[in-house]
2 protein chains.
Amino acid sequence: MAIDRFLGEFEQVVLLAVAQLGEDGYGTTIRREIERRTARGVSVGAVYATLARLEEKGFVTSWYGESTAKRGGRSKRHYRLEPAGAEALESTRAMLDRMWDGVDLGTRPGRA
Amino acid sequence: MAIDRFLGEFEQVVLLAVAQLGEDGYGTTIRREIERRTARGVSVGAVYATLARLEEKGFVTSWYGESTAKRGGRSKRHYRLEPAGAEALESTRAMLDRMWDGVDLGTRPGRA
DNA sequence: TCGGATTTCTCCTGTTTTGTATAACATATC
DNA sequence: GATATGTTATACAAAACAGGAGAAATCCGA
């Protein structure tokens, strides 16, 4: 694994999407949420593969819901953020914040 | 490569260390800076490999300085953050911020 | 003052984890 | 069945790591 307690870039993004969606999170919505917020294309496979790894590490858990009465209403696999995942998210963010602390990217108009 | 315009987790950390150190940044100090701020052990090889990748992408440039009058004062390879690197740093951070926006990790005492 | 011991740093090699795409498979509606 | 919505399988490239070998420069004892 990366180092230890920190999340990789995409892992972090996927985990955050799971956090955003709560009980409504499943493959397709998670993917859409990522695309919506980051304005970048994401392949289906990338999402599922990452989700599987995240589950393996205990950061999320999943369960199959009932199939909806919609065309092609195959039963969905829902994902939920687990405490360990929330913790990983927090420590990764805290670590990044510490690295950013005091950085000034050359008086450009950007962020404070 | 990761996706496109975004930095991997460790790339981001290394690049930030370079930004922090300015002209004083070279392999060993960069490594130390990372260990100091993140409280995690980092292998030498990981740092140099990442630095090489970063340079290949045009995010940093390097030059060899003169050797100092110190025991083992071998000439060092210095690194400097380039505009493209600063940009990558910013867009990665902005993207992550957008993903975090609105996330509440369950009323835990942690961050706001 | 020579030459090895010592220190500081860089680079090479190999491996594991992540990140990603493509396509096949499953299941419900019509 | 044809078609829409979801999930899984498979494969691979890139990124993250570890460790030790190798280089360069100084220090120091005889």
# chains A, B, ... in the order shown; residues from 1 in each chain; ligands from 1

$ residues_around --residues "segment 5-10 of chain C" --least-positions-apart "3" --cutoff "10 Å" --atoms "only C-alpha atoms (C1' of nucleotides)" --output "PDB file with C-alpha atoms (C1' of nucleotides), in the first residue's frame"
ATOM      1  CA  TYR B  26      17.489  19.038  -2.343  1.00  0.00           C
ATOM      2  CA  GLY B  27      16.974  15.343  -1.815  1.00  0.00           C
ATOM      3  CA  THR B  28      17.820  15.066   1.818  1.00  0.00           C
ATOM      4  CA  VAL B  44      15.106   8.005   0.186  1.00  0.00           C
ATOM      5  CA  GLY B  45      14.368   6.140  -2.984  1.00  0.00           C
ATOM      6  CA  TYR B  48      14.190  10.708  -5.670  1.00  0.00           C
ATOM      7  CA  LYS B  70      31.791  20.490   5.125  1.00  0.00           C
ATOM      8  CA  ARG B  71      32.677  16.925   5.773  1.00  0.00           C
ATOM      9  CA  GLY B  72      30.854  14.945   3.141  1.00  0.00           C
ATOM     10  CA  GLY B  73      29.955  18.202   1.504  1.00  0.00           C
ATOM     11  CA  ARG B  74      29.164  16.663  -1.769  1.00  0.00           C
ATOM     12  CA  SER B  75      27.562  18.906  -4.354  1.00  0.00           C
ATOM     13  CA  LYS B  76      23.840  18.785  -4.093  1.00  0.00           C
ATOM     14  CA  ARG B  77      21.130  18.630  -6.642  1.00  0.00           C
TER      15      ARG B  77
ATOM     16  C1'  DG D  22      28.091   4.138  -5.829  1.00  0.00           C
ATOM     17  C1'  DA D  23      30.143   9.022  -5.830  1.00  0.00           C
ATOM     18  C1'  DA D  24      32.169  12.888  -4.068  1.00  0.00           C
ATOM     19  C1'  DA D  25      34.215  15.454  -0.540  1.00  0.00           C
ATOM     20  C1'  DT D  26      36.310  16.065   4.004  1.00  0.00           C
ATOM     21  C1'  DC D  27      38.781  14.431   8.150  1.00  0.00           C
ATOM     22  C1'  DC D  28      42.505  12.449  10.472  1.00  0.00           C
TER      23       DC D  28
END

$ interface_residues --of "chain D" --to "chain A" --cutoff "9 Å" --atoms "only C-alpha atoms (C1' of nucleotides)" --output "VMD selection string"
chain D and resid 3 to 8 16 to 17

$ select_by_dssp --residues "segment 2-112 of chain A" --states "alpha helix (DSSP H)" --output "PyMOL selection string"
chain A and resi 9-21+27-38+44-56+83-100

$ interface_residues --of "chain A" --to "chain B" --cutoff "6 Å" --atoms "only C-alpha atoms" --output "ChimeraX atom specification"
/A:8-9,20,38,95,103

$ write_last_selection --atoms "C-alpha atoms" --output "PDB file, in the first residue's frame"
ATOM      1  CA  GLY A   8      -4.129   7.670  -2.547  1.00  0.00           C
ATOM      2  CA  GLU A   9      -5.461  10.433  -4.711  1.00  0.00           C
ATOM      3  CA  GLN A  20     -21.424  12.772   0.045  1.00  0.00           C
ATOM      4  CA  THR A  38     -14.281  17.343 -10.478  1.00  0.00           C
ATOM      5  CA  MET A  95      -1.495  15.726   6.662  1.00  0.00           C
ATOM      6  CA  VAL A 103       3.249  27.695   1.287  1.00  0.00           C
TER       7      VAL A 103
END

$ select_by_dssp --residues "chain B" --states "strand (DSSP E)" --output "JSON, numbers by chain"
{"B": [60, 61, 62, 63, 64, 77, 78, 79, 80, 81]}

$ interface_residues --of "chain C" --to "chain A" --cutoff "8 Å" --atoms "only C-alpha atoms (C1' of nucleotides)" --output "list of chain:residue names"
C:DT16, C:DT17, C:DT18, C:DG19, C:DT20, C:DA21, C:DT27, C:DA28, C:DT29

$ decode --residues "chain C" --atoms "N, CA and C atoms (P, O5', C5', C4', C3', O3' and C1' of nucleotides)" --output "short mmCIF file (atom, residue, chain, number, x, y, z; two decimals), in the first residue's frame"
data_model
loop_
_atom_site.label_atom_id
_atom_site.label_comp_id
_atom_site.auth_asym_id
_atom_site.auth_seq_id
_atom_site.Cartn_x
_atom_site.Cartn_y
_atom_site.Cartn_z
P DT C 1 52.83 18.55 2.62
"O5'" DT C 1 52.87 16.94 2.70
"C5'" DT C 1 53.68 16.15 1.83
"C4'" DT C 1 52.86 14.92 1.52
"C3'" DT C 1 51.59 15.27 0.75
"O3'" DT C 1 51.13 14.10 0.08
"C1'" DT C 1 50.98 14.50 2.85
P DC C 2 51.53 13.62 -1.27
"O5'" DC C 2 51.36 12.07 -0.95
"C5'" DC C 2 51.24 11.72 0.45
"C4'" DC C 2 50.89 10.26 0.60
"C3'" DC C 2 49.84 9.77 -0.37
"O3'" DC C 2 50.00 8.36 -0.52
"C1'" DC C 2 48.89 10.09 1.79
P DG C 3 48.88 7.54 -1.36
"O5'" DG C 3 47.89 7.07 -0.22
"C5'" DG C 3 48.36 6.21 0.82
"C4'" DG C 3 47.18 5.73 1.62
"C3'" DG C 3 46.02 5.25 0.75
"O3'" DG C 3 45.34 4.22 1.47
"C1'" DG C 3 45.31 7.12 1.98
P DG C 4 44.34 3.25 0.74
"O5'" DG C 4 43.29 2.93 1.88
"C5'" DG C 4 43.77 2.53 3.16
"C4'" DG C 4 42.97 3.20 4.26
"C3'" DG C 4 41.48 2.81 4.24
"O3'" DG C 4 41.08 2.68 5.58
"C1'" DG C 4 41.66 5.14 4.16
P DA C 5 39.84 1.76 5.95
"O5'" DA C 5 39.02 2.74 6.90
"C5'" DA C 5 39.69 3.34 8.01
"C4'" DA C 5 38.85 4.48 8.54
"C3'" DA C 5 37.36 4.13 8.66
"O3'" DA C 5 36.88 4.76 9.84
"C1'" DA C 5 37.61 5.99 7.21
P DT C 6 35.37 4.66 10.26
"O5'" DT C 6 34.80 6.01 9.64
"C5'" DT C 6 35.48 7.23 9.89
"C4'" DT C 6 34.60 8.40 9.46
"C3'" DT C 6 33.12 8.12 9.57
"O3'" DT C 6 32.49 9.30 10.07
"C1'" DT C 6 33.65 8.76 7.36
P DT C 7 30.96 9.25 10.56
"O5'" DT C 7 30.35 10.30 9.53
"C5'" DT C 7 31.09 11.48 9.26
"C4'" DT C 7 30.45 12.27 8.13
"C3'" DT C 7 28.92 12.16 8.10
"O3'" DT C 7 28.41 13.47 7.91
"C1'" DT C 7 29.85 11.56 5.98
P DT C 8 26.83 13.74 7.96
"O5'" DT C 8 26.55 14.01 6.41
"C5'" DT C 8 27.40 14.91 5.73
"C4'" DT C 8 26.99 14.98 4.27
"C3'" DT C 8 25.47 14.93 4.08
"O3'" DT C 8 25.15 15.89 3.08
"C1'" DT C 8 26.49 13.20 2.84
P DC C 9 23.67 16.45 2.99
"O5'" DC C 9 23.32 15.95 1.53
"C5'" DC C 9 24.28 15.26 0.89
"C4'" DC C 9 24.12 14.82 -0.50
"C3'" DC C 9 22.72 14.54 -1.02
"O3'" DC C 9 22.56 15.03 -2.34
"C1'" DC C 9 24.07 12.56 -1.11
P DT C 10 21.21 14.90 -3.16
"O5'" DT C 10 21.62 13.80 -4.24
"C5'" DT C 10 22.82 13.98 -4.99
"C4'" DT C 10 23.04 12.79 -5.91
"C3'" DT C 10 21.84 12.41 -6.76
"O3'" DT C 10 22.31 12.12 -8.07
"C1'" DT C 10 22.54 10.54 -5.51
P DC C 11 21.29 11.87 -9.28
"O5'" DC C 11 21.35 10.28 -9.43
"C5'" DC C 11 22.60 9.66 -9.69
"C4'" DC C 11 22.47 8.15 -9.68
"C3'" DC C 11 21.33 7.61 -10.55
"O3'" DC C 11 21.82 6.42 -11.15
"C1'" DC C 11 21.10 6.80 -8.38
P DC C 12 21.11 5.87 -12.49
"O5'" DC C 12 21.11 4.32 -12.17
"C5'" DC C 12 22.19 3.76 -11.38
"C4'" DC C 12 21.81 2.38 -10.93
"C3'" DC C 12 20.80 1.70 -11.84
"O3'" DC C 12 21.14 0.33 -11.94
"C1'" DC C 12 19.90 1.84 -9.67
P DT C 13 20.37 -0.57 -13.03
"O5'" DT C 13 19.72 -1.73 -12.15
"C5'" DT C 13 20.12 -1.90 -10.79
"C4'" DT C 13 19.18 -2.85 -10.11
"C3'" DT C 13 18.13 -3.46 -11.02
"O3'" DT C 13 17.94 -4.81 -10.63
"C1'" DT C 13 17.04 -2.23 -9.33
P DG C 14 16.90 -5.76 -11.39
"O5'" DG C 14 15.74 -5.87 -10.29
"C5'" DG C 14 16.12 -6.07 -8.92
"C4'" DG C 14 14.88 -6.15 -8.06
"C3'" DG C 14 13.70 -6.82 -8.77
"O3'" DG C 14 13.05 -7.66 -7.82
"C1'" DG C 14 13.07 -4.65 -8.09
P DT C 15 11.80 -8.58 -8.24
"O5'" DT C 15 10.62 -8.00 -7.33
"C5'" DT C 15 10.97 -7.26 -6.18
"C4'" DT C 15 9.78 -6.79 -5.40
"C3'" DT C 15 8.44 -7.39 -5.82
"O3'" DT C 15 7.68 -7.63 -4.64
"C1'" DT C 15 8.39 -5.02 -6.10
P DT C 16 6.26 -8.33 -4.67
"O5'" DT C 16 5.31 -7.13 -4.21
"C5'" DT C 16 5.64 -6.41 -3.02
"C4'" DT C 16 4.75 -5.20 -2.90
"C3'" DT C 16 3.25 -5.49 -3.00
"O3'" DT C 16 2.64 -4.76 -1.95
"C1'" DT C 16 3.85 -3.84 -4.57
P DT C 17 1.05 -4.99 -1.56
"O5'" DT C 17 0.41 -3.54 -1.82
"C5'" DT C 17 1.18 -2.64 -2.53
"C4'" DT C 17 0.55 -1.29 -2.66
"C3'" DT C 17 -0.98 -1.19 -2.67
"O3'" DT C 17 -1.30 0.10 -2.17
"C1'" DT C 17 -0.15 -0.73 -4.85
P DT C 18 -2.81 0.61 -2.03
"O5'" DT C 18 -2.84 1.87 -3.01
"C5'" DT C 18 -2.43 1.68 -4.30
"C4'" DT C 18 -2.47 2.94 -5.11
"C3'" DT C 18 -3.87 3.45 -5.42
"O3'" DT C 18 -3.76 4.85 -5.72
"C1'" DT C 18 -2.93 2.44 -7.34
P DG C 19 -5.06 5.66 -6.20
"O5'" DG C 19 -4.99 5.48 -7.77
"C5'" DG C 19 -3.94 6.09 -8.49
"C4'" DG C 19 -4.18 5.97 -9.99
"C3'" DG C 19 -5.58 6.38 -10.47
"O3'" DG C 19 -5.39 7.11 -11.68
"C1'" DG C 19 -5.14 4.18 -11.16
P DT C 20 -6.66 7.90 -12.32
"O5'" DT C 20 -7.21 6.88 -13.39
"C5'" DT C 20 -6.28 6.46 -14.37
"C4'" DT C 20 -6.81 5.45 -15.35
"C3'" DT C 20 -8.31 5.51 -15.64
"O3'" DT C 20 -8.48 6.08 -16.92
"C1'" DT C 20 -7.49 3.26 -15.46
P DA C 21 -9.93 6.01 -17.69
"O5'" DA C 21 -9.78 4.77 -18.70
"C5'" DA C 21 -8.53 4.56 -19.36
"C4'" DA C 21 -8.66 3.37 -20.30
"C3'" DA C 21 -9.99 3.33 -21.04
"O3'" DA C 21 -9.75 2.86 -22.37
"C1'" DA C 21 -9.78 1.38 -19.70
P DT C 22 -10.99 2.90 -23.41
"O5'" DT C 22 -11.37 1.36 -23.57
"C5'" DT C 22 -10.34 0.38 -23.44
"C4'" DT C 22 -10.90 -1.00 -23.63
"C3'" DT C 22 -12.25 -1.06 -24.32
"O3'" DT C 22 -12.23 -2.16 -25.21
"C1'" DT C 22 -12.43 -2.06 -22.18
P DA C 23 -13.49 -2.39 -26.22
"O5'" DA C 23 -13.99 -3.81 -25.72
"C5'" DA C 23 -13.04 -4.71 -25.12
"C4'" DA C 23 -13.77 -5.71 -24.28
"C3'" DA C 23 -15.15 -6.05 -24.86
"O3'" DA C 23 -15.36 -7.44 -24.68
"C1'" DA C 23 -15.39 -5.36 -22.64
P DA C 24 -16.54 -8.21 -25.49
"O5'" DA C 24 -16.96 -9.32 -24.43
"C5'" DA C 24 -15.96 -9.86 -23.56
"C4'" DA C 24 -16.60 -10.22 -22.24
"C3'" DA C 24 -17.94 -10.94 -22.41
"O3'" DA C 24 -17.96 -12.03 -21.50
"C1'" DA C 24 -18.24 -9.06 -21.01
P DC C 25 -19.14 -13.12 -21.60
"O5'" DC C 25 -20.02 -12.76 -20.33
"C5'" DC C 25 -19.38 -12.68 -19.05
"C4'" DC C 25 -20.36 -12.18 -18.02
"C3'" DC C 25 -21.74 -12.85 -18.09
"O3'" DC C 25 -22.05 -13.30 -16.78
"C1'" DC C 25 -21.96 -10.49 -18.03
P DA C 26 -23.38 -14.22 -16.54
"O5'" DA C 26 -24.38 -13.17 -15.91
"C5'" DA C 26 -24.06 -12.60 -14.65
"C4'" DA C 26 -25.14 -11.62 -14.27
"C3'" DA C 26 -26.56 -12.18 -14.32
"O3'" DA C 26 -27.14 -11.90 -13.06
"C1'" DA C 26 -26.45 -10.09 -15.45
P DT C 27 -28.54 -12.70 -12.66
"O5'" DT C 27 -29.62 -11.57 -12.94
"C5'" DT C 27 -29.54 -10.35 -12.21
"C4'" DT C 27 -30.57 -9.38 -12.74
"C3'" DT C 27 -31.94 -9.99 -13.02
"O3'" DT C 27 -32.92 -9.06 -12.59
"C1'" DT C 27 -31.21 -8.84 -14.89
P DA C 28 -34.25 -9.67 -11.78
"O5'" DA C 28 -35.36 -8.64 -12.25
"C5'" DA C 28 -35.23 -7.29 -11.83
"C4'" DA C 28 -35.53 -6.33 -12.97
"C3'" DA C 28 -36.91 -6.57 -13.60
"O3'" DA C 28 -37.79 -5.48 -13.32
"C1'" DA C 28 -35.22 -6.19 -15.26
P DT C 29 -39.34 -5.56 -13.88
"O5'" DT C 29 -39.25 -4.74 -15.24
"C5'" DT C 29 -39.06 -3.32 -15.19
"C4'" DT C 29 -39.08 -2.77 -16.60
"C3'" DT C 29 -40.46 -2.87 -17.26
"O3'" DT C 29 -40.74 -1.63 -17.90
"C1'" DT C 29 -38.82 -3.89 -18.63
P DC C 30 -42.29 -1.37 -18.35
"O5'" DC C 30 -42.26 -1.66 -19.90
"C5'" DC C 30 -41.12 -1.28 -20.67
"C4'" DC C 30 -41.30 -1.67 -22.13
"C3'" DC C 30 -42.75 -1.97 -22.54
"O3'" DC C 30 -43.01 -1.44 -23.82
"C1'" DC C 30 -41.40 -3.89 -22.94
#
